[in-house]
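Q: Okay, handing you the structure first.
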Amino acid sequence: MIDLSFLSPRARPLIGVDISSSSVKMVELSAASGGGYRVERYAVESLPREAVSDGNIANLDAVSEAIRRGWRRLGTSTKFVALALPASAVITKKIILPAGLRDQELEVQVESEANQYIPFALDEVNLDFQVIGPAASGADEDEVLIAASRKEKVEDRVAAAEAAGLKALVMDVESYASLSAFELVQADLPEGGQDKIIALVDAGANVMNVSVLRNGVQVYAREQAFGGFLLTQDIMRHFGMSLEEAESGKRTGSLPESYETELLRPFMDALALEVSRALQFFFTSTQFNQVDHIVLAGGCAVIPGLAETVAGRTQVDTHIANPFSGMSLSSKIRPKNLAADAPALLVACGLALRRFDL
């Protein structure tokens, strides 16, 4: 029925590759000898502006070259990768089907149901499904998740990996990969975050994704057009810098002294205000009226002091995401560097975890 899997697992060494609008992020994990996970390698390679636009690969050569550079920096022999599509490129739907169906019967039922929800011909999409488990309606029915995306969306990412000499084994959804890694982050929250309302705020270069969860189940999601590129633009205008100079200055901390008070602090305040607004939307559109914890992820989350700024604005306990905090590290990993990059590696980590699926 399909030539690439969205959801089914592959039990072999795998590199998680997150292709975002600003960079390619790669993570390779292994099983730790005493249980749990071990970070073997990771790499982050910048992308030219507009190489990826609105989740679509606009410059295949630039993306594949960034993947190739990242793979070389990893120094790994593993060539199998797990990729992900942005949620906006994927149609998902949970359906109820009779329990105990054989695989072929499931495929027929899923295709029949998919025709009702997918506004494209089935031969134009990659379609997959996963049985989640017994439905709440009774033990004789199963809840099944359908996922579908236009073939060209899938093929673009596969082509970028293949042009870099790698082979795609898994095609996931960015939001699902992020939630997989978030399970590790949640374990570090007070009482493991059990029975708490947790807002995961992933603030990247151009978009802020807000997911609200309770016991691992997403109860709300919202996307806002706000990200770190706004700060880059401010730097370019304020100091007369090129895009490359502004980005380099942000990363190395080599900008003029006035940067922090005149640009960085106002940007942090604006980001905190966006988070506060997102929570208000959550309260007005659901039955919930409080959030117990905020977890910040994405490239913006590496800004020192951001957690305190958001906590001050929202009056909610705020943490920085680090899915690697409980993992052992290979000798190739510099702990300080990984801790600084960890908030931006949530999706790549979630994709790397796919090698452990059974």
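Ordering of the structure tokens sets the chain letters (A, B, ...), residue numbers begin anew at 1 in every chain, and ligands are numbered from 1 in the order given.
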Determine, counting only C-alpha atoms, which protein, DNA and RNA residues have an atom within 9 Å of an atom of stretch 308-312 of chain A; residues of the same chain fewer than 2 positions away are not included. Present the result as number ranges by chain.

A: A: 268-269, 271-273, 275-276, 294, 304-306, 314-319

Q: From stretch 58-267 of chain A, collect each residue whose DSSP state is alpha helix (DSSP H) and return the set as a PyMOL selection string.

A: chain A and resi 60-74+103-117+151-163+174-186+229-239+243-252+259+265-267

Q: With DSSP run on the backbone, what are the strand (DSSP E or B) residues within stretch 1-211 of chain A? I'd like them as a PyMOL selection string.

A: chain A and resi 5+15-19+23-31+37-46+52-53+56-57+80-85+91-98+125-135+138-150+167-173+197-203+208-211

Q: Please write the residues from the selection above to a file, keeping C-alpha atoms, as an mmCIF file, in the first residue's frame.

A:
```cif
data_model
loop_
_atom_site.group_PDB
_atom_site.id
_atom_site.type_symbol
_atom_site.label_atom_id
_atom_site.label_comp_id
_atom_site.auth_asym_id
_atom_site.auth_seq_id
_atom_site.Cartn_x
_atom_site.Cartn_y
_atom_site.Cartn_z
ATOM 1 C CA SER A 5 6.351 4.350 6.613
ATOM 2 C CA ILE A 15 20.045 8.851 12.721
ATOM 3 C CA GLY A 16 17.280 11.323 13.517
ATOM 4 C CA VAL A 17 17.367 14.154 10.951
ATOM 5 C CA ASP A 18 15.292 17.272 11.590
ATOM 6 C CA ILE A 19 15.113 19.616 8.571
ATOM 7 C CA SER A 23 19.165 24.320 10.043
ATOM 8 C CA VAL A 24 19.557 20.578 9.758
ATOM 9 C CA LYS A 25 19.845 18.860 13.139
ATOM 10 C CA MET A 26 21.063 15.263 13.467
ATOM 11 C CA VAL A 27 21.134 12.945 16.507
ATOM 12 C CA GLU A 28 22.293 9.351 16.899
ATOM 13 C CA LEU A 29 21.428 7.395 20.050
ATOM 14 C CA SER A 30 22.303 3.902 21.245
ATOM 15 C CA ALA A 31 21.205 1.675 24.119
ATOM 16 C CA TYR A 37 19.911 5.712 26.234
ATOM 17 C CA ARG A 38 23.344 6.997 25.272
ATOM 18 C CA VAL A 39 24.030 10.007 23.050
ATOM 19 C CA GLU A 40 26.576 8.847 20.496
ATOM 20 C CA ARG A 41 26.748 11.883 18.221
ATOM 21 C CA TYR A 42 24.913 14.999 17.152
ATOM 22 C CA ALA A 43 25.416 17.817 14.676
ATOM 23 C CA VAL A 44 23.750 21.089 13.716
ATOM 24 C CA GLU A 45 24.308 22.586 10.251
ATOM 25 C CA SER A 46 22.914 25.978 9.229
ATOM 26 C CA VAL A 52 13.242 25.603 3.458
ATOM 27 C CA SER A 53 10.125 27.762 3.266
ATOM 28 C CA ASN A 56 8.781 22.877 1.981
ATOM 29 C CA ILE A 57 12.262 22.220 0.613
ATOM 30 C CA PHE A 80 19.871 4.977 7.766
ATOM 31 C CA VAL A 81 17.849 8.031 8.782
ATOM 32 C CA ALA A 82 14.479 8.943 10.229
ATOM 33 C CA LEU A 83 12.947 12.105 8.770
ATOM 34 C CA ALA A 84 9.829 14.079 9.608
ATOM 35 C CA LEU A 85 7.265 16.222 7.845
ATOM 36 C CA ILE A 91 -3.470 14.932 7.434
ATOM 37 C CA THR A 92 -4.127 12.780 10.504
ATOM 38 C CA LYS A 93 -7.374 11.254 11.678
ATOM 39 C CA LYS A 94 -8.280 8.788 14.407
ATOM 40 C CA ILE A 95 -10.908 6.241 13.395
ATOM 41 C CA ILE A 96 -12.613 3.291 15.069
ATOM 42 C CA LEU A 97 -12.434 -0.132 13.419
ATOM 43 C CA PRO A 98 -13.418 -3.649 14.532
ATOM 44 C CA VAL A 125 -0.557 10.498 -1.307
ATOM 45 C CA ASN A 126 1.580 8.384 0.957
ATOM 46 C CA LEU A 127 -0.836 6.767 3.385
ATOM 47 C CA ASP A 128 -0.115 4.800 6.535
ATOM 48 C CA PHE A 129 -1.855 3.813 9.746
ATOM 49 C CA GLN A 130 -1.132 2.532 13.227
ATOM 50 C CA VAL A 131 -3.414 0.685 15.641
ATOM 51 C CA ILE A 132 -3.260 2.709 18.846
ATOM 52 C CA GLY A 133 -5.160 0.261 21.024
ATOM 53 C CA PRO A 134 -8.640 -0.655 22.257
ATOM 54 C CA ALA A 135 -11.247 2.033 21.720
ATOM 55 C CA GLY A 138 -15.417 -1.278 23.938
ATOM 56 C CA ALA A 139 -12.886 -4.128 23.681
ATOM 57 C CA ASP A 140 -14.314 -5.272 20.338
ATOM 58 C CA GLU A 141 -13.119 -2.072 18.627
ATOM 59 C CA ASP A 142 -9.689 -0.519 18.055
ATOM 60 C CA GLU A 143 -8.642 3.097 17.720
ATOM 61 C CA VAL A 144 -6.551 3.530 14.561
ATOM 62 C CA LEU A 145 -4.505 6.579 13.545
ATOM 63 C CA ILE A 146 -4.391 7.390 9.829
ATOM 64 C CA ALA A 147 -1.620 9.624 8.469
ATOM 65 C CA ALA A 148 -1.384 10.864 4.886
ATOM 66 C CA SER A 149 0.729 13.381 2.979
ATOM 67 C CA ARG A 150 1.107 14.430 -0.641
ATOM 68 C CA LYS A 167 18.709 6.149 3.109
ATOM 69 C CA ALA A 168 15.379 7.148 4.670
ATOM 70 C CA LEU A 169 13.732 4.318 6.595
ATOM 71 C CA VAL A 170 11.135 6.275 8.576
ATOM 72 C CA MET A 171 9.004 9.284 7.702
ATOM 73 C CA ASP A 172 7.424 10.663 10.862
ATOM 74 C CA VAL A 173 5.550 13.852 11.731
ATOM 75 C CA ILE A 197 -1.259 20.438 32.498
ATOM 76 C CA ILE A 198 1.986 21.105 30.635
ATOM 77 C CA ALA A 199 2.499 23.600 27.809
ATOM 78 C CA LEU A 200 5.331 22.671 25.439
ATOM 79 C CA VAL A 201 6.412 25.828 23.606
ATOM 80 C CA ASP A 202 8.693 25.168 20.635
ATOM 81 C CA ALA A 203 9.988 28.528 19.411
ATOM 82 C CA MET A 208 6.154 29.088 17.613
ATOM 83 C CA ASN A 209 4.287 25.822 18.153
ATOM 84 C CA VAL A 210 2.377 25.443 21.405
ATOM 85 C CA SER A 211 1.207 21.983 22.485
#
```

Q: As an exercise, work out the distance from atom CA of A:Ile320 to atom CA of A:Leu296 in Å and give it to one decimal place.

A: 4.9 Å

Q: Given the choices A:Ser175, A:Val90, A:Gly249, A:Ser325, which gets closest to A:Leu351 if the distance is worked out from only C-alpha atoms?

A: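 Residue with the minimum atom-to-atom distance to A:Leu351: A:Ser175.
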
Q: Please measure the separation of atom CA of A:Phe226 and atom CA of A:Ala205, giving the value in Å to one decimal.

A: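 Interatomic distance, atom CA of A:Phe226 to atom CA of A:Ala205: 7.8 Å.
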
Q: Enter the distance from atom CA of A:Arg69 to atom CA of A:Pro343, in Å, rounded to one decimal.

A: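 Going from atom CA of A:Arg69 over to atom CA of A:Pro343, I get 21.5 Å.
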
Q: Write out as a PyMOL selection string the residues lying within 10 Å of A:Gly326, counting only C-alpha atoms and excluding same-chain residues fewer than 2 positions away.

A: chain A and resi 36-38+184-185+187-188+322-324+328-329

Q: Residues within 12 Å of A:Val219, please, as a list of chain:residue names. Count only C-alpha atoms; anything in the same chain fewer than 2 positions from it doesn't count.

A: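 My list of contacting residues is A:Lys196, A:Ile197, A:Ile198, A:Ala199, A:Leu200, A:Val210, A:Ser211, A:Val212, A:Leu213, A:Arg214, A:Asn215, A:Gly216, A:Val217, A:Ala221, A:Arg222, A:Phe282, A:Phe283, A:Ser285, A:Thr286, A:Gln287, A:Phe288, A:Val291.
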
Q: Go ahead and save the residues from that selection, with N, CA, C and O atoms, as a PDB file, in the first residue's frame.

A:
```pdb
ATOM      1  N   LYS A 196      -0.641  16.667  35.494  1.00  0.00           N
ATOM      2  CA  LYS A 196      -0.435  18.106  35.372  1.00  0.00           C
ATOM      3  C   LYS A 196      -0.708  18.566  33.944  1.00  0.00           C
ATOM      4  O   LYS A 196      -0.584  17.796  32.999  1.00  0.00           O
ATOM      5  N   ILE A 197      -1.077  19.827  33.811  1.00  0.00           N
ATOM      6  CA  ILE A 197      -1.259  20.438  32.498  1.00  0.00           C
ATOM      7  C   ILE A 197       0.060  21.106  32.122  1.00  0.00           C
ATOM      8  O   ILE A 197       0.531  22.007  32.821  1.00  0.00           O
ATOM      9  N   ILE A 198       0.653  20.641  31.026  1.00  0.00           N
ATOM     10  CA  ILE A 198       1.986  21.105  30.635  1.00  0.00           C
ATOM     11  C   ILE A 198       1.921  21.712  29.247  1.00  0.00           C
ATOM     12  O   ILE A 198       1.425  21.090  28.303  1.00  0.00           O
ATOM     13  N   ALA A 199       2.442  22.929  29.112  1.00  0.00           N
ATOM     14  CA  ALA A 199       2.499  23.600  27.809  1.00  0.00           C
ATOM     15  C   ALA A 199       3.914  23.466  27.261  1.00  0.00           C
ATOM     16  O   ALA A 199       4.870  23.962  27.863  1.00  0.00           O
ATOM     17  N   LEU A 200       4.047  22.782  26.138  1.00  0.00           N
ATOM     18  CA  LEU A 200       5.331  22.671  25.439  1.00  0.00           C
ATOM     19  C   LEU A 200       5.366  23.758  24.372  1.00  0.00           C
ATOM     20  O   LEU A 200       4.560  23.751  23.441  1.00  0.00           O
ATOM     21  N   VAL A 210       2.768  25.658  20.017  1.00  0.00           N
ATOM     22  CA  VAL A 210       2.377  25.443  21.405  1.00  0.00           C
ATOM     23  C   VAL A 210       1.510  24.191  21.489  1.00  0.00           C
ATOM     24  O   VAL A 210       0.463  24.108  20.830  1.00  0.00           O
ATOM     25  N   SER A 211       1.970  23.213  22.248  1.00  0.00           N
ATOM     26  CA  SER A 211       1.207  21.983  22.485  1.00  0.00           C
ATOM     27  C   SER A 211       0.949  21.876  23.973  1.00  0.00           C
ATOM     28  O   SER A 211       1.876  22.000  24.776  1.00  0.00           O
ATOM     29  N   VAL A 212      -0.301  21.649  24.338  1.00  0.00           N
ATOM     30  CA  VAL A 212      -0.636  21.483  25.750  1.00  0.00           C
ATOM     31  C   VAL A 212      -0.996  20.017  25.974  1.00  0.00           C
ATOM     32  O   VAL A 212      -1.804  19.442  25.240  1.00  0.00           O
ATOM     33  N   LEU A 213      -0.371  19.430  26.988  1.00  0.00           N
ATOM     34  CA  LEU A 213      -0.513  17.994  27.222  1.00  0.00           C
ATOM     35  C   LEU A 213      -0.918  17.710  28.660  1.00  0.00           C
ATOM     36  O   LEU A 213      -0.574  18.454  29.583  1.00  0.00           O
ATOM     37  N   ARG A 214      -1.598  16.577  28.809  1.00  0.00           N
ATOM     38  CA  ARG A 214      -1.897  16.051  30.135  1.00  0.00           C
ATOM     39  C   ARG A 214      -1.677  14.547  30.096  1.00  0.00           C
ATOM     40  O   ARG A 214      -2.305  13.843  29.327  1.00  0.00           O
ATOM     41  N   ASN A 215      -0.737  14.085  30.907  1.00  0.00           N
ATOM     42  CA  ASN A 215      -0.373  12.659  30.943  1.00  0.00           C
ATOM     43  C   ASN A 215      -0.058  12.121  29.551  1.00  0.00           C
ATOM     44  O   ASN A 215      -0.478  11.029  29.168  1.00  0.00           O
ATOM     45  N   GLY A 216       0.701  12.909  28.802  1.00  0.00           N
ATOM     46  CA  GLY A 216       1.164  12.471  27.498  1.00  0.00           C
ATOM     47  C   GLY A 216       0.164  12.619  26.369  1.00  0.00           C
ATOM     48  O   GLY A 216       0.483  12.332  25.213  1.00  0.00           O
ATOM     49  N   VAL A 217      -1.041  13.064  26.661  1.00  0.00           N
ATOM     50  CA  VAL A 217      -2.076  13.227  25.637  1.00  0.00           C
ATOM     51  C   VAL A 217      -2.207  14.713  25.292  1.00  0.00           C
ATOM     52  O   VAL A 217      -2.382  15.553  26.183  1.00  0.00           O
ATOM     53  N   ALA A 221      -3.400  22.415  20.540  1.00  0.00           N
ATOM     54  CA  ALA A 221      -2.229  22.763  19.736  1.00  0.00           C
ATOM     55  C   ALA A 221      -2.516  24.063  18.995  1.00  0.00           C
ATOM     56  O   ALA A 221      -3.636  24.303  18.535  1.00  0.00           O
ATOM     57  N   ARG A 222      -1.487  24.894  18.878  1.00  0.00           N
ATOM     58  CA  ARG A 222      -1.634  26.170  18.181  1.00  0.00           C
ATOM     59  C   ARG A 222      -0.283  26.557  17.583  1.00  0.00           C
ATOM     60  O   ARG A 222       0.759  26.332  18.192  1.00  0.00           O
ATOM     61  N   PHE A 282      -5.684  29.128  24.773  1.00  0.00           N
ATOM     62  CA  PHE A 282      -5.936  27.784  25.294  1.00  0.00           C
ATOM     63  C   PHE A 282      -7.076  27.803  26.312  1.00  0.00           C
ATOM     64  O   PHE A 282      -8.001  26.985  26.256  1.00  0.00           O
ATOM     65  N   PHE A 283      -7.034  28.760  27.229  1.00  0.00           N
ATOM     66  CA  PHE A 283      -8.067  28.835  28.271  1.00  0.00           C
ATOM     67  C   PHE A 283      -9.445  29.143  27.692  1.00  0.00           C
ATOM     68  O   PHE A 283     -10.456  28.584  28.129  1.00  0.00           O
ATOM     69  N   SER A 285     -10.573  28.499  24.678  1.00  0.00           N
ATOM     70  CA  SER A 285     -11.085  27.536  23.703  1.00  0.00           C
ATOM     71  C   SER A 285     -11.193  26.111  24.251  1.00  0.00           C
ATOM     72  O   SER A 285     -11.565  25.198  23.512  1.00  0.00           O
ATOM     73  N   THR A 286     -10.872  25.917  25.528  1.00  0.00           N
ATOM     74  CA  THR A 286     -10.999  24.591  26.153  1.00  0.00           C
ATOM     75  C   THR A 286     -11.662  24.745  27.513  1.00  0.00           C
ATOM     76  O   THR A 286     -11.945  25.868  27.969  1.00  0.00           O
ATOM     77  N   GLN A 287     -11.869  23.600  28.182  1.00  0.00           N
ATOM     78  CA  GLN A 287     -12.467  23.650  29.521  1.00  0.00           C
ATOM     79  C   GLN A 287     -11.430  23.906  30.602  1.00  0.00           C
ATOM     80  O   GLN A 287     -11.767  24.035  31.780  1.00  0.00           O
ATOM     81  N   PHE A 288     -10.153  23.992  30.208  1.00  0.00           N
ATOM     82  CA  PHE A 288      -9.084  24.178  31.200  1.00  0.00           C
ATOM     83  C   PHE A 288      -8.916  25.652  31.539  1.00  0.00           C
ATOM     84  O   PHE A 288      -9.143  26.534  30.711  1.00  0.00           O
ATOM     85  N   VAL A 291      -2.418  26.243  33.702  1.00  0.00           N
ATOM     86  CA  VAL A 291      -1.293  25.438  33.234  1.00  0.00           C
ATOM     87  C   VAL A 291      -0.327  25.304  34.400  1.00  0.00           C
ATOM     88  O   VAL A 291      -0.010  26.291  35.070  1.00  0.00           O
TER      89      VAL A 291
END
```

Q: Measuring atom to atom with only C-alpha atoms, identify which of A:Gly204, A:Pro190, A:Pro13, A:Gly55 is nearest to A:Arg157.

A: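 Of all the options, A:Gly55 lies closest to A:Arg157.
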